[in-house]
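Structure data follow from structure05.pdb (PDB, C-alpha atoms and all ligand atoms):
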ATOM      1  CA  MET A   1     -27.345  -6.836  15.894
ATOM      2  CA  LYS A   2     -26.529  -7.006  12.217
ATOM      3  CA  LEU A   3     -24.091  -9.906  12.290
ATOM      4  CA  GLU A   4     -23.328  -9.871   8.577
ATOM      5  CA  LYS A   5     -21.296  -6.720   9.155
ATOM      6  CA  PHE A   6     -18.903  -8.771  11.296
ATOM      7  CA  ALA A   7     -18.476 -11.440   8.602
ATOM      8  CA  VAL A   8     -15.073 -12.029   7.076
ATOM      9  CA  ILE A   9     -14.685  -9.563   4.292
ATOM     10  CA  SER A  10     -15.128  -8.239   1.431
ATOM     11  CA  ASP A  11     -13.287  -7.498  -1.738
ATOM     12  CA  GLN A  12     -10.626  -5.649   0.221
ATOM     13  CA  SER A  13      -7.425  -7.452  -0.638
ATOM     14  CA  ALA A  14      -5.216  -8.478   2.273
ATOM     15  CA  ALA A  15      -2.440  -6.358   0.798
ATOM     16  CA  ARG A  16      -4.629  -3.276   0.836
ATOM     17  CA  GLY A  17      -5.572  -4.004   4.443
ATOM     18  CA  VAL A  18      -1.888  -4.113   5.365
ATOM     19  CA  VAL A  19      -1.155  -0.890   3.458
ATOM     20  CA  HIS A  20      -3.938   0.767   5.437
ATOM     21  CA  TRP A  21      -2.035   0.096   8.683
ATOM     22  CA  PHE A  22       0.352   2.812   7.561
ATOM     23  CA  VAL A  23      -1.417   4.956   4.941
ATOM     24  CA  THR A  24      -5.083   5.833   5.169
ATOM     25  CA  PRO A  25      -7.228   6.762   2.154
ATOM     26  CA  PHE A  26      -7.770  10.463   1.735
ATOM     27  CA  ASP A  27     -11.533  10.601   1.308
ATOM     28  CA  GLN A  28     -14.718   8.644   1.816
ATOM     29  CA  GLU A  29     -15.232   8.126  -1.912
ATOM     30  CA  THR A  30     -12.272   5.743  -2.173
ATOM     31  CA  VAL A  31     -13.797   3.392   0.395
ATOM     32  CA  ALA A  32     -17.486   3.823  -0.425
ATOM     33  CA  GLY A  33     -19.820   1.034  -1.456
ATOM     34  CA  PRO A  34     -21.609  -1.720   0.428
ATOM     35  CA  LYS A  35     -18.358  -3.463   1.456
ATOM     36  CA  GLY A  36     -17.165  -0.246   3.030
ATOM     37  CA  HIS A  37     -19.581  -0.866   5.871
ATOM     38  CA  ARG A  38     -18.107  -4.247   6.794
ATOM     39  CA  ILE A  39     -15.135  -4.912   9.012
ATOM     40  CA  ASP A  40     -11.776  -5.207   7.303
ATOM     41  CA  TRP A  41     -10.270  -7.863   9.572
ATOM     42  CA  VAL A  42      -6.840  -7.653   7.940
ATOM     43  CA  ARG A  43      -6.578  -3.996   8.819
ATOM     44  CA  GLY A  44      -7.937  -4.885  12.249
ATOM     45  CA  LEU A  45      -5.139  -7.380  12.991
ATOM     46  CA  PRO A  46      -3.038  -4.900  15.029
ATOM     47  CA  PHE A  47      -6.145  -4.098  17.096
ATOM     48  CA  ILE A  48      -6.649  -7.806  17.824
ATOM     49  CA  ALA A  49      -2.914  -8.293  18.456
ATOM     50  CA  MET A  50      -2.957  -5.499  21.064
ATOM     51  CA  HIS A  51      -5.525  -7.488  23.038
ATOM     52  CA  VAL A  52      -3.686 -10.801  22.668
ATOM     53  CA  ALA A  53      -0.425  -9.141  23.766
ATOM     54  CA  CYS A  54      -1.972  -8.532  27.213
ATOM     55  CA  LEU A  55      -1.682 -12.289  27.764
ATOM     56  CA  LEU A  56       2.091 -11.862  27.887
ATOM     57  CA  VAL A  57       1.487 -10.857  31.505
ATOM     58  CA  ILE A  58       1.455 -14.604  32.273
ATOM     59  CA  TRP A  59       5.163 -14.696  31.427
ATOM     60  CA  VAL A  60       6.393 -11.258  32.502
ATOM     61  CA  GLY A  61       4.532 -11.142  35.828
ATOM     62  CA  TRP A  62       3.905  -7.906  37.654
ATOM     63  CA  SER A  63       5.542  -5.396  39.976
ATOM     64  CA  TRP A  64       4.131  -2.446  41.884
ATOM     65  CA  LEU A  65       6.100  -0.104  39.670
ATOM     66  CA  ALA A  66       4.776  -1.561  36.401
ATOM     67  CA  VAL A  67       1.184  -1.423  37.684
ATOM     68  CA  ALA A  68       1.689   2.185  38.841
ATOM     69  CA  VAL A  69       3.080   3.168  35.430
ATOM     70  CA  ALA A  70       0.088   1.494  33.738
ATOM     71  CA  ALA A  71      -2.321   3.402  36.012
ATOM     72  CA  GLY A  72      -0.478   6.693  35.482
ATOM     73  CA  LEU A  73      -0.539   6.312  31.704
ATOM     74  CA  TYR A  74      -4.220   5.361  31.863
ATOM     75  CA  CYS A  75      -5.029   8.611  33.708
ATOM     76  CA  LEU A  76      -2.838  10.777  31.486
ATOM     77  CA  ARG A  77      -4.281   9.408  28.262
ATOM     78  CA  VAL A  78      -7.909   9.341  29.399
ATOM     79  CA  PHE A  79      -7.454  13.014  30.278
ATOM     80  CA  ALA A  80      -5.823  13.813  26.907
ATOM     81  CA  LEU A  81      -8.675  12.097  25.059
ATOM     82  CA  THR A  82     -11.599  13.398  27.099
ATOM     83  CA  ALA A  83     -10.441  16.951  27.778
ATOM     84  CA  PHE A  84      -8.599  17.609  24.515
ATOM     85  CA  TYR A  85      -9.665  15.194  21.749
ATOM     86  CA  HIS A  86     -13.278  15.523  22.854
ATOM     87  CA  ARG A  87     -13.978  18.788  24.669
ATOM     88  CA  TYR A  88     -11.349  20.907  22.929
ATOM     89  CA  PHE A  89     -10.749  19.562  19.417
ATOM     90  CA  SER A  90     -14.277  18.281  18.810
ATOM     91  CA  HIS A  91     -16.305  20.933  20.650
ATOM     92  CA  ARG A  92     -13.993  23.925  21.239
ATOM     93  CA  ALA A  93     -15.340  24.115  24.777
ATOM     94  CA  PHE A  94     -12.324  26.113  25.979
ATOM     95  CA  LYS A  95      -9.270  27.825  24.578
ATOM     96  CA  THR A  96      -5.595  27.002  24.773
ATOM     97  CA  SER A  97      -2.359  27.779  22.947
ATOM     98  CA  ARG A  98      -1.193  25.919  19.866
ATOM     99  CA  VAL A  99       1.771  24.622  21.856
ATOM    100  CA  SER A 100      -0.590  23.094  24.429
ATOM    101  CA  HIS A 101      -2.963  21.680  21.838
ATOM    102  CA  PHE A 102       0.020  20.040  20.131
ATOM    103  CA  ILE A 103       1.286  18.542  23.415
ATOM    104  CA  PHE A 104      -2.102  17.134  24.415
ATOM    105  CA  GLY A 105      -2.776  16.018  20.836
ATOM    106  CA  PHE A 106       0.567  14.185  20.970
ATOM    107  CA  LEU A 107      -0.403  12.509  24.254
ATOM    108  CA  GLY A 108      -3.788  11.600  22.758
ATOM    109  CA  CYS A 109      -2.043   9.904  19.807
ATOM    110  CA  SER A 110      -0.211   7.643  22.268
ATOM    111  CA  ALA A 111      -3.612   6.087  23.120
ATOM    112  CA  VAL A 112      -3.706   4.550  19.601
ATOM    113  CA  GLN A 113      -7.090   6.014  18.708
ATOM    114  CA  ARG A 114      -5.820   7.809  15.601
ATOM    115  CA  GLY A 115      -4.990  11.517  15.450
ATOM    116  CA  PRO A 116      -7.015  14.483  16.760
ATOM    117  CA  LEU A 117      -8.312  15.453  13.289
ATOM    118  CA  TRP A 118      -9.716  12.002  12.527
ATOM    119  CA  TRP A 119     -11.172  11.694  16.030
ATOM    120  CA  ALA A 120     -12.777  15.153  16.145
ATOM    121  CA  ALA A 121     -14.240  14.902  12.628
ATOM    122  CA  HIS A 122     -15.903  11.554  13.353
ATOM    123  CA  HIS A 123     -17.154  12.865  16.667
ATOM    124  CA  ARG A 124     -18.703  15.981  15.106
ATOM    125  CA  HIS A 125     -20.415  13.674  12.622
ATOM    126  CA  HIS A 126     -21.775  11.668  15.588
ATOM    127  CA  HIS A 127     -23.328  14.790  17.119
ATOM    128  CA  ALA A 128     -24.840  15.876  13.819
ATOM    129  CA  HIS A 129     -26.450  12.441  13.243
ATOM    130  CA  SER A 130     -26.579  10.855  16.701
ATOM    131  CA  ASP A 131     -28.586   7.625  16.697
ATOM    132  CA  GLU A 132     -29.789   8.260  13.155
ATOM    133  CA  GLU A 133     -28.997   5.809  10.361
ATOM    134  CA  ASP A 134     -25.890   7.774   9.368
ATOM    135  CA  ASP A 135     -24.396   7.588  12.870
ATOM    136  CA  MET A 136     -21.514   5.140  12.461
ATOM    137  CA  HIS A 137     -21.495   4.062  16.109
ATOM    138  CA  SER A 138     -25.111   4.105  17.174
ATOM    139  CA  PRO A 139     -26.061   1.035  19.250
ATOM    140  CA  LYS A 140     -29.677   1.756  18.355
ATOM    141  CA  GLN A 141     -28.960   1.512  14.632
ATOM    142  CA  HIS A 142     -26.151  -1.028  14.468
ATOM    143  CA  GLY A 143     -26.051  -2.983  17.753
ATOM    144  CA  PHE A 144     -23.965  -2.764  20.911
ATOM    145  CA  LEU A 145     -20.746  -4.462  19.752
ATOM    146  CA  TRP A 146     -20.726  -2.475  16.549
ATOM    147  CA  SER A 147     -20.968   0.792  18.454
ATOM    148  CA  HIS A 148     -18.265  -0.420  20.853
ATOM    149  CA  PHE A 149     -15.563  -1.401  18.367
ATOM    150  CA  GLY A 150     -16.932  -2.643  15.019
ATOM    151  CA  TRP A 151     -17.478   0.692  13.318
ATOM    152  CA  PHE A 152     -13.892   1.949  13.299
ATOM    153  CA  LEU A 153     -12.604  -1.270  11.700
ATOM    154  CA  THR A 154     -14.599  -0.593   8.528
ATOM    155  CA  PRO A 155     -13.089   0.957   5.391
ATOM    156  CA  GLN A 156     -15.696   3.734   5.580
ATOM    157  CA  ALA A 157     -14.361   4.905   8.924
ATOM    158  CA  LEU A 158     -10.790   5.163   7.693
ATOM    159  CA  PRO A 159     -10.552   8.614   6.079
ATOM    160  CA  ILE A 160     -10.655  11.903   7.947
ATOM    161  CA  ARG A 161     -13.920  13.808   7.402
ATOM    162  CA  TRP A 162     -12.139  16.994   6.365
ATOM    163  CA  LYS A 163     -15.308  18.979   5.663
ATOM    164  CA  LEU A 164     -16.255  18.845   9.332
ATOM    165  CA  ILE A 165     -13.003  20.249  10.701
ATOM    166  CA  PRO A 166     -12.047  23.376   8.697
ATOM    167  CA  ASP A 167     -11.007  25.103  11.931
ATOM    168  CA  LEU A 168      -8.585  22.312  12.896
ATOM    169  CA  ALA A 169      -7.303  21.466   9.418
ATOM    170  CA  ARG A 170      -5.696  24.896   9.195
ATOM    171  CA  CYS A 171      -3.128  23.879  11.817
ATOM    172  CA  LEU A 172      -0.064  22.252  10.248
ATOM    173  CA  GLU A 173       1.016  20.779  13.585
ATOM    174  CA  LEU A 174      -2.269  18.882  13.877
ATOM    175  CA  ARG A 175      -2.049  17.603  10.301
ATOM    176  CA  LEU A 176       1.448  16.342  11.111
ATOM    177  CA  LEU A 177       0.132  14.543  14.200
ATOM    178  CA  ASP A 178      -2.557  12.830  12.161
ATOM    179  CA  ARG A 179      -0.123  11.857   9.423
ATOM    180  CA  PHE A 180       2.460  10.359  11.771
ATOM    181  CA  GLU A 181       0.217   9.254  14.640
ATOM    182  CA  LEU A 182       1.514   5.688  14.393
ATOM    183  CA  PHE A 183       5.019   6.657  15.482
ATOM    184  CA  ILE A 184       3.879   8.050  18.831
ATOM    185  CA  PRO A 185       2.659   4.808  20.449
ATOM    186  CA  VAL A 186       5.731   3.025  19.049
ATOM    187  CA  LEU A 187       7.874   5.682  20.731
ATOM    188  CA  LEU A 188       5.980   5.212  24.004
ATOM    189  CA  ALA A 189       6.442   1.431  23.919
ATOM    190  CA  GLY A 190      10.166   1.874  23.161
ATOM    191  CA  MET A 191      10.605   4.296  26.067
ATOM    192  CA  LEU A 192       8.804   1.918  28.417
ATOM    193  CA  TYR A 193      11.039  -0.948  27.330
ATOM    194  CA  ALA A 194      14.155   1.143  27.903
ATOM    195  CA  LEU A 195      12.914   2.274  31.326
ATOM    196  CA  GLY A 196      12.119  -1.282  32.420
ATOM    197  CA  ALA A 197      15.411  -2.655  31.078
ATOM    198  CA  VAL A 198      17.481   0.012  32.868
ATOM    199  CA  LEU A 199      15.588  -0.459  36.151
ATOM    200  CA  GLY A 200      15.846  -4.240  35.843
ATOM    201  CA  ALA A 201      19.624  -3.962  35.409
ATOM    202  CA  TYR A 202      20.445  -1.193  37.894
ATOM    203  CA  ALA A 203      17.575  -1.333  40.409
ATOM    204  CA  PRO A 204      16.624  -5.019  40.620
ATOM    205  CA  ALA A 205      14.623  -4.345  43.808
ATOM    206  CA  THR A 206      11.912  -2.795  41.580
ATOM    207  CA  GLY A 207      11.252  -6.300  40.224
ATOM    208  CA  THR A 208      10.600  -5.045  36.727
ATOM    209  CA  SER A 209      12.002  -5.620  33.250
ATOM    210  CA  GLY A 210      11.737  -4.131  29.774
ATOM    211  CA  MET A 211       8.988  -6.470  28.605
ATOM    212  CA  GLN A 212       7.064  -6.242  31.883
ATOM    213  CA  MET A 213       6.967  -2.455  31.573
ATOM    214  CA  VAL A 214       5.777  -2.692  27.943
ATOM    215  CA  VAL A 215       3.055  -5.226  28.778
ATOM    216  CA  TRP A 216       1.669  -3.184  31.687
ATOM    217  CA  GLY A 217       2.443   0.395  30.627
ATOM    218  CA  PHE A 218       1.553  -0.028  26.987
ATOM    219  CA  PHE A 219      -0.645  -3.037  26.222
ATOM    220  CA  ILE A 220      -2.777  -3.414  29.371
ATOM    221  CA  SER A 221      -3.057   0.331  29.961
ATOM    222  CA  THR A 222      -3.981   1.040  26.321
ATOM    223  CA  ILE A 223      -6.589  -1.726  26.187
ATOM    224  CA  ALA A 224      -8.173  -0.325  29.363
ATOM    225  CA  VAL A 225      -8.253   3.171  27.807
ATOM    226  CA  TYR A 226      -9.742   1.654  24.640
ATOM    227  CA  HIS A 227     -12.705   0.036  26.282
ATOM    228  CA  VAL A 228     -13.630   2.783  28.715
ATOM    229  CA  THR A 229     -13.695   5.321  25.902
ATOM    230  CA  TYR A 230     -15.682   2.936  23.683
ATOM    231  CA  PHE A 231     -18.223   2.684  26.506
ATOM    232  CA  VAL A 232     -19.168   6.306  25.843
ATOM    233  CA  ASN A 233     -20.362   5.313  22.356
ATOM    234  CA  SER A 234     -21.947   2.020  23.401
ATOM    235  CA  LEU A 235     -23.034   1.894  27.063
ATOM    236  CA  ALA A 236     -23.758   5.624  27.445
ATOM    237  CA  HIS A 237     -26.306   5.339  24.637
ATOM    238  CA  VAL A 238     -28.168   2.377  26.153
ATOM    239  CA  TRP A 239     -27.860   2.253  29.970
ATOM    240  CA  GLY A 240     -28.695   5.027  32.405
ATOM    241  CA  PRO A 241     -31.315   7.710  32.981
ATOM    242  CA  ARG A 242     -32.091  10.514  30.558
ATOM    243  CA  ARG A 243     -32.414  13.887  32.265
ATOM    244  CA  TYR A 244     -32.958  15.911  29.103
ATOM    245  CA  VAL A 245     -34.956  15.351  25.967
ATOM    246  CA  THR A 246     -32.539  14.962  23.066
ATOM    247  CA  LYS A 247     -33.036  13.587  19.581
ATOM    248  CA  ASP A 248     -30.813  10.612  20.427
ATOM    249  CA  ASP A 249     -30.721   7.874  23.076
ATOM    250  CA  SER A 250     -27.860   9.356  25.125
ATOM    251  CA  ARG A 251     -27.798   8.472  28.835
ATOM    252  CA  ASN A 252     -26.184   9.645  32.023
ATOM    253  CA  ASN A 253     -24.151   6.708  33.284
ATOM    254  CA  TRP A 254     -22.269   7.179  36.581
ATOM    255  CA  LEU A 255     -20.000   4.160  36.055
ATOM    256  CA  VAL A 256     -18.846   5.321  32.625
ATOM    257  CA  ALA A 257     -18.442   8.818  34.097
ATOM    258  CA  LEU A 258     -16.089   7.539  36.804
ATOM    259  CA  LEU A 259     -14.047   5.417  34.382
ATOM    260  CA  THR A 260     -13.749   8.155  31.754
ATOM    261  CA  PHE A 261     -13.224  11.156  34.045
ATOM    262  CA  GLY A 262     -16.673  12.617  33.350
ATOM    263  CA  GLU A 263     -17.682  11.514  29.852
ATOM    264  CA  GLY A 264     -20.452   9.260  31.133
ATOM    265  CA  TRP A 265     -22.727  12.268  31.732
ATOM    266  CA  HIS A 266     -23.522  11.772  28.085
ATOM    267  CA  ASN A 267     -27.143  12.878  28.058
ATOM    268  CA  ASN A 268     -26.041  16.179  29.614
ATOM    269  CA  HIS A 269     -23.381  16.409  26.935
ATOM    270  CA  HIS A 270     -25.700  15.708  23.998
ATOM    271  CA  TYR A 271     -28.120  18.276  25.367
ATOM    272  CA  TYR A 272     -25.454  20.970  25.642
ATOM    273  CA  PRO A 273     -22.198  19.922  23.899
ATOM    274  CA  ALA A 274     -20.662  23.396  24.060
ATOM    275  CA  SER A 275     -19.763  23.106  27.742
ATOM    276  CA  ALA A 276     -16.314  22.207  29.096
ATOM    277  CA  ARG A 277     -18.034  20.352  31.939
ATOM    278  CA  GLN A 278     -20.223  17.323  31.450
ATOM    279  CA  GLY A 279     -21.229  16.830  35.065
ATOM    280  CA  PHE A 280     -23.716  19.706  35.273
ATOM    281  CA  PHE A 281     -24.322  19.387  39.031
ATOM    282  CA  TRP A 282     -21.846  19.139  41.902
ATOM    283  CA  TRP A 283     -22.658  15.489  42.561
ATOM    284  CA  GLU A 284     -21.866  14.501  38.971
ATOM    285  CA  ILE A 285     -18.157  13.715  39.257
ATOM    286  CA  ASP A 286     -16.249  15.087  36.263
ATOM    287  CA  VAL A 287     -12.512  14.653  36.873
ATOM    288  CA  SER A 288     -11.471  16.009  33.465
ATOM    289  CA  TYR A 289     -13.301  19.238  34.228
ATOM    290  CA  TYR A 290     -11.621  19.559  37.639
ATOM    291  CA  LEU A 291      -8.234  19.068  35.971
ATOM    292  CA  LEU A 292      -9.118  21.636  33.296
ATOM    293  CA  VAL A 293      -9.995  24.136  36.031
ATOM    294  CA  MET A 294      -6.576  23.501  37.616
ATOM    295  CA  LEU A 295      -4.877  23.984  34.241
ATOM    296  CA  SER A 296      -6.778  27.277  33.890
ATOM    297  CA  TRP A 297      -5.255  28.457  37.205
ATOM    298  CA  LEU A 298      -1.845  27.832  35.619
ATOM    299  CA  GLY A 299      -2.830  29.702  32.447
ATOM    300  CA  VAL A 300      -2.504  26.593  30.243
ATOM    301  CA  VAL A 301      -6.189  26.759  29.217
ATOM    302  CA  TRP A 302      -8.725  29.562  29.488
ATOM    303  CA  ASP A 303     -12.277  30.628  28.645
ATOM    304  CA  LEU A 304     -13.798  27.345  29.861
ATOM    305  CA  ARG A 305     -17.400  27.393  28.681
ATOM    306  CA  GLY A 306     -19.913  26.637  31.429
ATOM    307  CA  VAL A 307     -23.557  25.620  31.478
ATOM    308  CA  PRO A 308     -26.142  28.420  31.661
ATOM    309  CA  ARG A 309     -28.629  27.951  34.506
ATOM    310  CA  ARG A 310     -31.617  27.802  32.138
ATOM    311  CA  VAL A 311     -29.912  24.943  30.263
ATOM    312  CA  LYS A 312     -29.204  23.061  33.491
ATOM    313  CA  LEU A 313     -32.879  23.286  34.325
ATOM    314  CA  GLY A 314     -33.795  21.923  30.908
ATOM    315  CA  LYS A 315     -35.307  25.199  29.784
ATOM    316  CA  GLY A 316     -32.631  26.141  27.286
ATOM    317  CA  LYS A 317     -33.102  25.754  23.600
ATOM    318  CA  ARG A 318     -31.111  22.775  22.375
ATOM    319  CA  VAL A 319     -27.860  24.029  20.861
ATOM    320  CA  THR A 320     -26.937  23.485  17.246
ATOM    321  CA  PRO A 321     -24.642  20.483  16.763
ATOM    322  CA  VAL A 322     -21.100  21.766  16.613
ATOM    323  CA  ALA A 323     -20.452  20.464  13.087
ATOM    324  CA  GLU A 324     -23.106  22.819  11.754
ATOM    325  CA  GLU A 325     -21.737  25.854  13.514
ATOM    326  CA  LYS A 326     -19.454  28.323  11.821
ATOM    327  CA  PRO A 327     -15.776  27.432  12.315
ATOM    328  CA  VAL A 328     -14.381  28.888  15.507
ATOM    329  CA  PRO A 329     -11.206  30.967  15.082
ATOM    330  CA  VAL A 330      -8.133  28.930  15.958
ATOM    331  CA  PRO A 331      -6.340  30.180  19.099
ATOM    332  CA  SER A 332      -3.140  32.024  18.351
ATOM    333  CA  ALA A 333       0.207  30.550  19.276
ATOM    334  CA  SER A 334       1.646  31.511  22.632
TER     335      SER A 334
HETATM  336 ZN    ZN A 401     -23.052  10.168  21.898
HETATM  337 ZN    ZN A 402     -19.214  15.202  22.095
END
Would you mind writing the file's structure down as structure tokens?
Amino acid sequence: MKLEKFAVISDQSAARGVVHWFVTPFDQETVAGPKGHRIDWVRGLPFIAMHVACLLVIWVGWSWLAVAVAAGLYCLRVFALTAFYHRYFSHRAFKTSRVSHFIFGFLGCSAVQRGPLWWAAHHRHHHAHSDEEDDMHSPKQHGFLWSHFGWFLTPQALPIRWKLIPDLARCLELRLLDRFELFIPVLLAGMLYALGAVLGAYAPATGTSGMQMVVWGFFISTIAVYHVTYFVNSLAHVWGPRRYVTKDDSRNNWLVALLTFGEGWHNNHHYYPASARQGFFWWEIDVSYYLLVMLSWLGVVWDLRGVPRRVKLGKGKRVTPVAEEKPVPVPSAS
């Protein structure tokens, strides 16, 4: 691991780090240079604070309701990230309406992993350069911890890679989500506080309170979503078997697949990223795909792209990374 990248920074002033909590630089050029590859710990303070805030559980305690809300929000947000941020926005593996992509983009923002444009652009870059020197979160190139959380705390990771998302950048509603993504988790935390406070006052048998609901429903749930999704970048590139020959070190990892609703079948995914399903065989559990199939029955999504048999058998030609494909037409509003 290249420890110097974790060292305390850089010529980034603390003030600039604080400004970057709210306003991100527009392009890579403004944050280029050797220091751009090192962690900006001032900007990372909210990320650290989110983890520390979980310790508040010592004071607020727990209730069945607060734990259930935390679990429900975990499931909802893992689905929004894996099915929509990843399979839809990054890979266009199925179609949906602009209303639906806004709703699931909104839910994805509540997971505090930036907006769908930032996320999809960085992910397309990952597929185009996976485990090469340019891959910002390759454990092979930069070490496990860096691939898990270090990379996105660097100035270089801050801007949106606009060139890689011409199809998404055309949608005003998505640009709005990315511009105001910070408000969505704040709104979620506020709603959880209000819910807990009302229940604490009018339904004391629930044993909850405003702060207890925030600690479980927001902080603990979000930190759990953080680390399971980071595992796809870190663990699923180092631990597990490789069914297909790909140019990267991607693995199929059943544990990551269970935690992330199917994203752990990462070697399958790198071999054929165009598919809406990442578990290629019936025994490869892929909850996000099952939920997408159910949404297709309701007409919320359609044209789910499958895996051709020749690809499943490893005979298919490896597909072009999505970032190099021609932009896919944006679905029309419904
Ligand atoms: Zn990968
Ligand atoms: Zn992908």
| task | Name the residues that the PyMOL selection byres (((chain A and resi 216) around 10) and not hetatm) picks from the file above, as an NGL selection string, using the file's chain letters and numbers. | result | :A and (54 or 56-57 or 60-63 or 65-71 or 73 or 192 or 211-215 or 217-222)
| If we count only C-alpha atoms, what is near segment 169-176 of chain A at a cut-off of 10 Å, once residues fewer than 2 positions away on the same chain are taken out, given as a list in words? |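 Listing them by chain and then by number gives Arg98, Val99, His101, Phe102, Gly105, Phe106, Gly115, Pro116, Leu117, Trp118, Trp162, Lys163, Leu164, Ile165, Pro166, Asp167, Asp178, Arg179, Phe180, Glu181 and Val330 of chain A.
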Residues of chain A within 8 Å of ligand ZN 402 (chain A): nearest atom pair and distance (Å, one decimal) for each, counting all atoms listed in the file, sorted by chain and number, as a Markdown table?
| residue | atom | partner | partner_atom | distance |
| --- | --- | --- | --- | --- |
| A:His86 | CA | A:ZN402 | ZN | 6.0 |
| A:Arg87 | CA | A:ZN402 | ZN | 6.8 |
| A:Ser90 | CA | A:ZN402 | ZN | 6.7 |
| A:His91 | CA | A:ZN402 | ZN | 6.6 |
| A:His123 | CA | A:ZN402 | ZN | 6.3 |
| A:Arg124 | CA | A:ZN402 | ZN | 7.1 |
| A:His126 | CA | A:ZN402 | ZN | 7.8 |
| A:His127 | CA | A:ZN402 | ZN | 6.5 |
| A:His269 | CA | A:ZN402 | ZN | 6.5 |
| A:His270 | CA | A:ZN402 | ZN | 6.8 |
| A:Pro273 | CA | A:ZN402 | ZN | 5.9 |
Please define a box with edges along x, y and z of the file around all atoms of segment 85-104 of chain A given in the file, extend it by 4 Å on each side, and return its centre and edge lengths in Å to one decimal, as AutoDock Vina command-line options.
--center_x -7.3 --center_y 21.5 --center_z 22.4 --size_x 26.1 --size_y 20.6 --size_z 15.2
| field | Surrounding residues as a count of residues only, ligand ZN 401 (chain A), max 9 Å, all atoms listed in the file | value | 20
